[in-house]
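Below is model22.txt, which holds compact mmCIF, C-alpha atoms and all ligand atoms.
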# COMPACT_ATOMS: atom_id res chain seq x y z
CA VAL I 462 19.20 46.14 -7.29
CA ASN I 463 18.47 49.81 -7.33
CA GLU I 464 21.05 51.53 -9.54
CA LYS I 465 21.35 54.64 -7.34
CA ARG I 466 21.89 52.52 -4.25
CA LYS I 467 24.63 50.65 -6.06
CA GLN I 468 26.32 53.94 -6.96
CA LEU I 469 25.97 55.24 -3.41
CA LEU I 470 27.53 52.06 -2.10
CA SER I 471 30.41 52.34 -4.50
CA ILE I 472 31.13 55.93 -3.38
CA LEU I 473 31.06 54.88 0.27
CA LEU I 474 33.23 51.86 -0.41
CA LYS I 475 35.85 53.92 -2.19
CA ASN I 476 35.95 56.22 0.84
CA LYS I 477 35.68 53.48 3.45
CA GLY I 478 36.13 54.96 6.94
CA LYS I 479 35.93 58.55 5.67
CA TYR I 480 32.93 60.86 5.62
CA VAL I 481 31.42 61.84 2.30
CA SER I 482 29.15 64.86 2.53
CA GLY I 483 25.47 64.61 1.76
CA GLU I 484 25.89 67.42 -0.67
CA GLU I 485 28.55 65.62 -2.67
CA ILE I 486 26.51 62.44 -2.81
CA SER I 487 23.41 64.35 -3.74
CA GLN I 488 25.19 66.08 -6.61
CA ARG I 489 26.92 63.01 -7.93
CA LEU I 490 23.81 60.84 -7.89
CA GLN I 491 21.34 63.57 -8.67
CA ILE I 492 19.04 62.59 -5.84
CA SER I 493 17.64 64.40 -2.79
CA ARG I 494 18.98 64.21 0.76
CA THR I 495 15.90 62.29 1.77
CA ALA I 496 16.50 59.75 -0.98
CA ILE I 497 20.08 59.28 0.23
CA TRP I 498 18.84 58.74 3.76
CA LYS I 499 16.42 56.08 2.51
CA HIS I 500 19.14 54.23 0.58
CA VAL I 501 21.43 54.31 3.60
CA HIS I 502 18.60 52.90 5.67
CA GLU I 503 18.22 50.00 3.22
CA LEU I 504 21.96 49.37 3.13
CA LYS I 505 22.02 49.20 6.92
CA LYS I 506 19.24 46.63 6.79
CA ASP I 507 21.47 44.62 4.44
CA GLY I 508 24.18 44.60 7.10
CA TYR I 509 26.34 47.56 6.10
CA GLN I 510 27.63 49.57 9.03
CA ILE I 511 27.18 53.17 8.02
CA GLU I 512 27.44 56.20 10.25
CA GLY I 513 25.61 59.41 9.39
CA LEU I 514 26.39 62.80 10.93
CA ARG I 515 24.40 65.84 9.96
CA LYS I 516 27.41 68.11 9.49
CA GLN I 517 29.80 65.54 8.01
CA GLY I 518 27.76 63.26 5.84
CA TYR I 519 27.98 59.46 5.73
CA ARG I 520 30.79 57.03 6.21
CA LEU I 521 31.01 53.30 5.75
CA LEU I 522 32.60 51.47 8.66
CA GLU I 523 32.11 47.84 7.68
CA ALA I 524 30.86 46.32 4.43
CA SER I 525 28.11 43.76 4.77
CA GLU I 526 28.86 40.07 5.09
CA SER I 527 25.32 39.22 4.12
CA LEU I 528 24.79 36.79 1.24
CA GLN I 529 21.65 38.58 0.10
CA PRO I 530 21.69 38.99 -3.68
CA SER I 531 21.50 42.76 -3.15
CA SER I 532 24.80 42.75 -1.27
CA LEU I 533 26.57 40.38 -3.68
CA THR I 534 25.53 41.77 -7.06
CA PRO I 535 27.15 45.22 -6.77
CA PHE I 536 30.53 43.51 -6.41
CA LEU I 537 30.23 40.90 -9.15
CA GLN I 538 33.06 40.94 -11.67
CA SER I 539 31.66 38.17 -13.83
CA THR I 540 29.74 39.02 -16.97
CA TRP I 541 26.97 36.41 -16.82
CA LEU I 542 27.63 33.96 -14.00
CA GLY I 543 25.74 34.85 -10.83
CA HIS I 544 23.64 37.52 -12.42
CA GLN I 545 20.65 35.77 -10.93
CA ILE I 546 21.09 34.72 -7.32
CA HIS I 547 18.57 32.93 -5.12
CA LEU I 548 19.28 32.78 -1.40
CA PHE I 549 17.49 30.42 0.99
CA GLU I 550 17.76 30.79 4.74
CA GLU I 551 17.11 27.08 4.98
CA THR I 552 16.45 24.45 2.37
CA ALA I 553 16.80 20.70 2.02
CA SER I 554 19.49 21.07 -0.65
CA THR I 555 20.51 23.83 -3.06
CA GLN I 556 20.88 21.06 -5.67
CA LEU I 557 17.16 20.33 -5.47
CA GLU I 558 16.28 24.02 -5.64
CA ALA I 559 18.56 24.43 -8.65
CA HIS I 560 16.98 21.47 -10.47
CA GLN I 561 13.58 22.98 -9.92
CA LEU I 562 14.67 26.40 -11.17
CA ALA I 563 16.36 24.80 -14.20
CA ARG I 564 13.14 22.98 -15.08
CA LEU I 565 11.42 26.36 -14.92
CA GLN I 566 13.88 27.68 -17.55
CA ALA I 567 16.20 29.59 -15.22
CA PRO I 568 19.03 30.98 -17.38
CA SER I 569 22.52 29.58 -17.51
CA GLY I 570 24.57 31.16 -14.73
CA THR I 571 21.79 31.17 -12.13
CA ILE I 572 23.12 30.63 -8.61
CA VAL I 573 21.40 29.11 -5.59
CA LEU I 574 22.80 29.78 -2.12
CA ALA I 575 21.66 28.62 1.29
CA GLU I 576 22.62 29.59 4.81
CA GLN I 577 21.73 26.08 5.89
CA GLN I 578 20.85 22.77 4.25
CA THR I 579 18.89 20.15 6.11
CA GLN I 580 19.60 17.37 3.58
CA GLY I 581 22.84 18.43 1.94
CA LYS I 582 23.93 15.88 -0.67
CA GLY I 583 27.46 14.61 -1.13
CA ARG I 584 28.90 12.39 -3.84
CA LEU I 585 27.75 8.77 -4.10
CA GLY I 586 24.56 9.41 -2.16
CA ARG I 587 26.35 10.49 0.97
CA PRO I 588 25.03 13.19 3.27
CA TRP I 589 26.79 16.55 3.33
CA PHE I 590 26.83 18.31 6.67
CA SER I 591 25.72 21.90 6.04
CA PRO I 592 25.29 23.81 9.31
CA LYS I 593 23.84 27.28 9.46
CA GLY I 594 25.90 30.29 8.55
CA SER I 595 29.37 28.81 8.61
CA GLY I 596 29.79 27.36 5.14
CA ILE I 597 29.21 28.07 1.50
CA TRP I 598 26.42 25.90 0.16
CA MET I 599 25.97 26.80 -3.44
CA SER I 600 24.68 25.35 -6.71
CA MET I 601 25.15 26.76 -10.20
CA ILE I 602 22.91 26.12 -13.19
CA ILE I 603 24.92 25.86 -16.40
CA ARG I 604 23.63 25.14 -19.88
CA PRO I 605 26.63 24.12 -21.96
CA GLN I 606 26.17 22.78 -25.47
CA ILE I 607 28.29 19.69 -25.04
CA PRO I 608 27.92 15.92 -25.15
CA LEU I 609 27.35 14.13 -21.86
CA SER I 610 30.86 12.66 -21.95
CA HIS I 611 32.40 16.12 -21.51
CA VAL I 612 30.55 16.94 -18.32
CA PRO I 613 33.23 15.56 -15.96
CA GLN I 614 35.58 18.17 -17.40
CA LEU I 615 33.36 20.80 -15.81
CA THR I 616 33.78 19.17 -12.42
CA LEU I 617 37.55 19.24 -12.77
CA LEU I 618 37.34 22.84 -13.97
CA THR I 619 35.30 23.69 -10.88
CA ALA I 620 37.93 22.21 -8.56
CA VAL I 621 40.58 24.43 -10.15
CA ALA I 622 38.34 27.52 -10.02
CA VAL I 623 37.49 27.02 -6.35
CA LEU I 624 41.12 26.41 -5.45
CA LYS I 625 42.19 29.62 -7.19
CA ALA I 626 39.36 31.59 -5.59
CA VAL I 627 40.27 30.32 -2.12
CA HIS I 628 43.85 31.39 -2.64
CA LYS I 629 42.87 34.86 -3.80
CA ALA I 630 40.27 35.43 -1.09
CA THR I 631 42.12 33.94 1.89
CA GLY I 632 45.72 33.17 0.93
CA VAL I 633 45.15 29.49 1.80
CA LYS I 634 46.61 26.97 -0.65
CA LEU I 635 44.55 23.84 -1.15
CA GLY I 636 45.32 20.62 -3.01
CA ILE I 637 42.99 18.52 -5.16
CA LYS I 638 42.37 14.90 -4.36
CA TRP I 639 40.88 12.91 -7.20
CA PRO I 640 38.19 13.26 -8.28
CA ASN I 641 37.30 16.62 -6.79
CA ASP I 642 37.94 17.01 -3.09
CA LEU I 643 39.77 20.12 -1.99
CA LEU I 644 42.10 19.44 0.89
CA PHE I 645 44.14 21.37 3.39
CA GLU I 646 46.83 19.22 4.98
CA ALA I 647 45.01 16.01 4.03
CA ARG I 648 41.69 17.21 5.47
CA LYS I 649 38.69 18.06 3.36
CA VAL I 650 37.70 21.70 3.05
CA ALA I 651 35.40 21.54 0.05
CA GLY I 652 33.64 19.08 -2.22
CA ILE I 653 31.93 19.28 -5.58
CA LEU I 654 28.82 17.47 -6.73
CA THR I 655 27.89 17.60 -10.40
CA GLU I 656 24.46 16.49 -11.49
CA VAL I 657 23.20 16.51 -15.02
CA ASN I 658 19.99 16.38 -16.98
CA ALA I 659 20.80 15.07 -20.45
CA GLU I 660 20.29 12.77 -23.38
CA PRO I 661 23.41 10.89 -24.49
CA ASP I 662 24.24 13.46 -27.16
CA LEU I 663 22.73 16.53 -25.63
CA VAL I 664 23.07 18.11 -22.25
CA HIS I 665 19.98 20.01 -21.11
CA TYR I 666 21.62 21.48 -18.06
CA VAL I 667 24.27 20.80 -15.45
CA ILE I 668 23.96 21.59 -11.77
CA ILE I 669 27.32 22.08 -10.11
CA GLY I 670 27.17 22.02 -6.33
CA ILE I 671 29.98 23.41 -4.24
CA GLY I 672 30.14 22.80 -0.51
CA MET I 673 32.83 24.62 1.40
CA ASN I 674 33.68 24.63 5.07
CA ALA I 675 34.44 28.29 5.61
CA ASN I 676 34.14 29.40 9.22
CA GLN I 677 33.62 26.25 11.24
CA GLU I 678 35.70 25.72 14.34
CA GLU I 679 37.02 22.33 15.41
CA LYS I 680 34.09 21.78 17.78
CA ASP I 681 31.57 22.44 14.99
CA PHE I 682 32.44 19.22 13.20
CA THR I 683 30.67 16.08 14.30
CA PRO I 684 32.99 13.46 15.85
CA ASP I 685 32.76 11.18 12.81
CA ILE I 686 34.25 13.79 10.49
CA GLN I 687 36.43 15.77 12.91
CA HIS I 688 39.61 13.98 11.86
CA ILE I 689 38.95 14.18 8.11
CA ALA I 690 37.42 17.65 7.74
CA THR I 691 38.66 21.15 8.33
CA SER I 692 37.65 24.70 7.45
CA LEU I 693 39.29 27.69 5.81
CA ARG I 694 39.08 29.51 9.12
CA LEU I 695 41.11 26.77 10.80
CA ALA I 696 43.55 26.74 7.89
CA ALA I 697 43.95 30.53 7.75
CA GLY I 698 43.91 31.08 11.49
CA LYS I 699 41.21 33.72 11.18
CA LYS I 700 37.63 34.15 10.07
CA VAL I 701 37.17 34.29 6.31
CA SER I 702 34.66 36.24 4.24
CA ARG I 703 32.10 33.97 2.62
CA LYS I 704 31.05 36.88 0.49
CA ALA I 705 34.57 37.44 -0.89
CA LEU I 706 34.91 33.70 -1.50
CA ILE I 707 31.67 33.46 -3.44
CA LEU I 708 32.54 36.49 -5.56
CA HIS I 709 35.97 35.06 -6.36
CA ILE I 710 34.55 31.64 -7.18
CA LEU I 711 32.10 33.16 -9.66
CA GLU I 712 34.81 35.23 -11.26
CA GLU I 713 37.37 32.41 -11.51
CA TRP I 714 34.79 29.92 -12.68
CA GLU I 715 33.53 32.10 -15.47
CA SER I 716 36.98 32.92 -16.77
CA LEU I 717 38.10 29.25 -16.72
CA TYR I 718 34.88 28.28 -18.46
CA GLU I 719 35.46 30.82 -21.22
CA LEU I 720 39.02 29.52 -21.57
CA TRP I 721 37.66 25.98 -21.79
CA LEU I 722 35.05 26.89 -24.41
CA GLU I 723 37.69 28.54 -26.52
CA HIS I 724 40.70 26.27 -26.10
CA GLY I 725 39.32 22.95 -24.87
CA PHE I 726 40.29 20.86 -21.89
CA THR I 727 44.10 20.74 -22.21
CA ILE I 728 44.85 23.87 -20.18
CA ILE I 729 42.35 22.98 -17.47
CA LYS I 730 43.75 19.47 -17.26
CA THR I 731 47.28 20.80 -16.82
CA LEU I 732 46.11 23.16 -14.08
CA TRP I 733 44.20 20.36 -12.37
CA GLU I 734 47.23 18.06 -12.50
CA SER I 735 49.58 20.71 -11.18
CA HIS I 736 47.42 21.08 -8.04
CA SER I 737 46.67 17.41 -7.58
CA VAL I 738 47.87 15.72 -4.43
CA SER I 739 46.99 12.25 -5.76
CA LEU I 740 49.06 12.05 -8.93
CA GLY I 741 52.42 10.36 -8.79
CA ARG I 742 51.60 8.76 -5.46
CA PHE I 743 50.91 5.21 -4.47
CA VAL I 744 47.25 5.10 -3.58
CA THR I 745 44.50 2.67 -2.79
CA ALA I 746 41.28 3.05 -4.71
CA ARG I 747 38.18 1.62 -3.05
CA THR I 748 35.65 0.95 -5.78
CA VAL I 749 32.33 -0.87 -5.70
CA ASN I 750 34.19 -3.86 -7.17
CA GLY I 751 36.82 -3.95 -4.47
CA GLU I 752 40.19 -2.41 -3.76
CA LEU I 753 42.98 -1.64 -6.15
CA ALA I 754 46.39 -0.26 -5.23
CA GLY I 755 48.84 1.42 -7.52
CA PHE I 756 50.45 4.62 -8.70
CA ALA I 757 48.09 7.40 -9.74
CA ARG I 758 49.53 8.27 -13.16
CA GLY I 759 47.14 10.82 -14.55
CA ILE I 760 43.60 11.56 -15.64
CA THR I 761 41.95 11.24 -19.01
CA ASP I 762 39.79 13.86 -20.71
CA GLU I 763 36.81 12.05 -19.23
CA GLY I 764 38.18 12.66 -15.75
CA VAL I 765 38.99 8.98 -15.34
CA LEU I 766 41.89 8.18 -13.02
CA LEU I 767 44.70 6.05 -14.48
CA LEU I 768 46.11 3.71 -11.87
CA GLU I 769 49.22 1.63 -12.60
CA ASP I 770 49.48 -1.50 -10.50
CA GLU I 771 52.73 -3.15 -9.42
CA GLN I 772 52.74 -5.37 -12.51
CA GLY I 773 52.74 -2.23 -14.64
CA GLN I 774 49.20 -2.67 -15.83
CA VAL I 775 47.16 0.53 -16.10
CA HIS I 776 43.58 0.47 -14.82
CA LYS I 777 40.88 3.02 -15.44
CA ILE I 778 39.12 4.11 -12.26
CA TYR I 779 35.74 5.70 -12.89
CA SER I 780 34.47 6.06 -9.38
CA ALA I 781 36.21 5.39 -6.10
CA ASP I 782 37.47 6.74 -2.84
CA ILE I 783 41.18 7.32 -2.89
CA GLU I 784 43.37 6.67 0.09
CA THR I 785 46.94 7.79 0.34
CA PRO I 786 49.06 6.05 2.92
C1 LIG U 1 31.21 15.75 -1.98
O1 LIG U 1 30.72 14.66 -1.63
O2 LIG U 1 32.40 15.99 -1.78
C2 LIG U 1 30.37 16.80 -2.66
C3 LIG U 1 29.71 17.73 -1.67
C4 LIG U 1 28.84 18.77 -2.34
C5 LIG U 1 28.05 19.59 -1.34
C6 LIG U 1 27.34 20.74 -1.98
S1 LIG U 1 26.73 21.92 -0.82
C7 LIG U 1 25.84 22.73 -2.06
C8 LIG U 1 25.24 21.65 -2.94
N1 LIG U 1 23.99 21.21 -2.37
C9 LIG U 1 24.04 19.94 -1.95
O3 LIG U 1 23.10 19.32 -1.42
N2 LIG U 1 25.26 19.42 -2.21
C10 LIG U 1 26.13 20.40 -2.84
Encoding of this model in structure tokens:
Amino acid sequence: VNEKRKQLLSILLKNKGKYVSGEEISQRLQISRTAIWKHVHELKKDGYQIEGLRKQGYRLLEASESLQPSSLTPFLQSTWLGHQIHLFEETASTQLEAHQLARLQAPSGTIVLAEQQTQGKGRLGRPWFSPKGSGIWMSMIIRPQIPLSHVPQLTLLTAVAVLKAVHKATGVKLGIKWPNDLLFEARKVAGILTEVNAEPDLVHYVIIGIGMNANQEEKDFTPDIQHIATSLRLAAGKKVSRKALILHILEEWESLYELWLEHGFTIIKTLWESHSVSLGRFVTARTVNGELAGFARGITDEGVLLLEDEQGQVHKIYSADIETP
């Protein structure tokens, strides 16, 4: 993004609603009046509502809600995550785009966003409904130097990061259902899909997909998921800013990741457990090998769920759908 435009935007943002004179801007940025006019024109194209009056200068009325990289980057607080953003108006799946970019050596921290996915992927080969404009459909390319067995930790870390970001951006408090569903009052708001390209001892890259229902209304959900899904808008009682959510996710994710690199999984695990709605409850796990009921006791460092049955025997659940009565 053009550095001068970024500076202009930051001046206007700091004075949101108030006029800043052309002269002041021109002096601070060391550019001509015509150059300012051109930058304002570009910002307007990006969705910023800016008013210009010859005698008064320019004032910003509404920041842009666009997910264009140029309107996200000036606000990024992270130091490396999200410093490359690709936005697709429509794509089959941001996961597929991310894999392709990763194969082409895209750096760690590259983000792929889409307004709409036509073949959104959920866990266990399920489809993920990704209608236009209302959700956050995002994949991150990460290149951690870790063994394959540590990858699930990143999924759990992501659940915590997204939950924190949602709270900061909207005030809504979500709970985590094992393994990584984010729920509001027992309905799913967001899901995480981690895919990895690795050898047993060496991870080449990880693609972490986050799907979040942001601004859907009740009627926007298809009948088959209406009773199990909800959106942040429905939870908060007002529209939410996808832009603010994305920025917070990137910031929270990066800082948890740094914490994890430095101190290991213990802190993340504690955070995950403290927000879990599954632990300590009697649940039914539907696995490919059948059903198992018991108390969810905890998770291991591999992200495995420990389920204690009524005979007191503890089972390791690697993959399942959890049902709470
Ligand atoms: C789940 O089953 O809960 C995981 C859903 C993950 C959906 C996201 S949306 C962005 C990324 N692209 C995809 O195709 N899937 C993930």
Looking at I:Ala659, I:Val749, I:Leu644, I:Leu767, which one is nearest to ligand LIG 1 (chain U), with distances taken over only C-alpha atoms and all ligand atoms?
I:Leu644
Have a look at atom C4 of ligand LIG 1 (chain U) and atom CA of Asn641 of chain I and let me know their distance in Å, one decimal.
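For atom C4 of ligand LIG 1 (chain U) relative to atom CA of Asn641 of chain I, the distance reads 9.8 Å.
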Neighbouring residues of segment 568-584 of chain I were defined as those with any atom within 6 Å, considering only C-alpha atoms; residues of the same chain fewer than 3 positions away were excluded. Please report them as a list in words.
Leu542, Gly543, Gln545, Ile546, His547, Leu548, Phe549, Glu550, Glu551, Thr552, Ala553, Ser554, Thr555, Arg587, Pro588, Trp589, Ser591, Pro592, Lys593, Gly594, Trp598, Met599, Ser600, Met601, Ile602, Ile603, Arg604 and Leu654 of chain I
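Residue nearest ligand LIG 1 (chain U) within the list I:Lys499, I:His628, I:Lys649, I:His709: I:Lys649 [criterion: smallest interatomic distance, all atoms listed in the file].
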Please list as a count of residues only every residue within 12 Å of Glu752 of chain I, counting only C-alpha atoms and excluding residues in the same chain fewer than 4 positions away.
14
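Considering the residues I:Gly636, I:Gly773, I:Gly670, I:Gly759 and counting all atoms listed in the file, ligand LIG 1 (chain U) has its shortest atom-to-atom contact with I:Gly670.
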Which protein, DNA or RNA residues have an atom at most 12 Å from (19.1, 61.5, 0.2), counting only C-alpha atoms? List them as a list in words.
Lys465, Arg466, Leu469, Ser482, Gly483, Glu484, Glu485, Ile486, Ser487, Gln488, Arg489, Leu490, Gln491, Ile492, Ser493, Arg494, Thr495, Ala496, Ile497, Trp498, Lys499, His500, Val501, His502, Glu503, Gly513, Arg515, Gly518 and Tyr519 of chain I
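Summary of the local environment: counting only C-alpha atoms, residues at most 12 Å from Leu537 of chain I, other than itself and those fewer than 6 positions away along its chain, are I:Lys467, I:Pro530, I:Ser531, I:Gly543, I:His544, I:Gln545, I:Ile546, I:Lys704, I:Ala705, I:Leu706, I:Ile707, I:Leu708, I:His709, I:Ile710, I:Leu711, I:Glu712, I:Glu713, I:Glu715.
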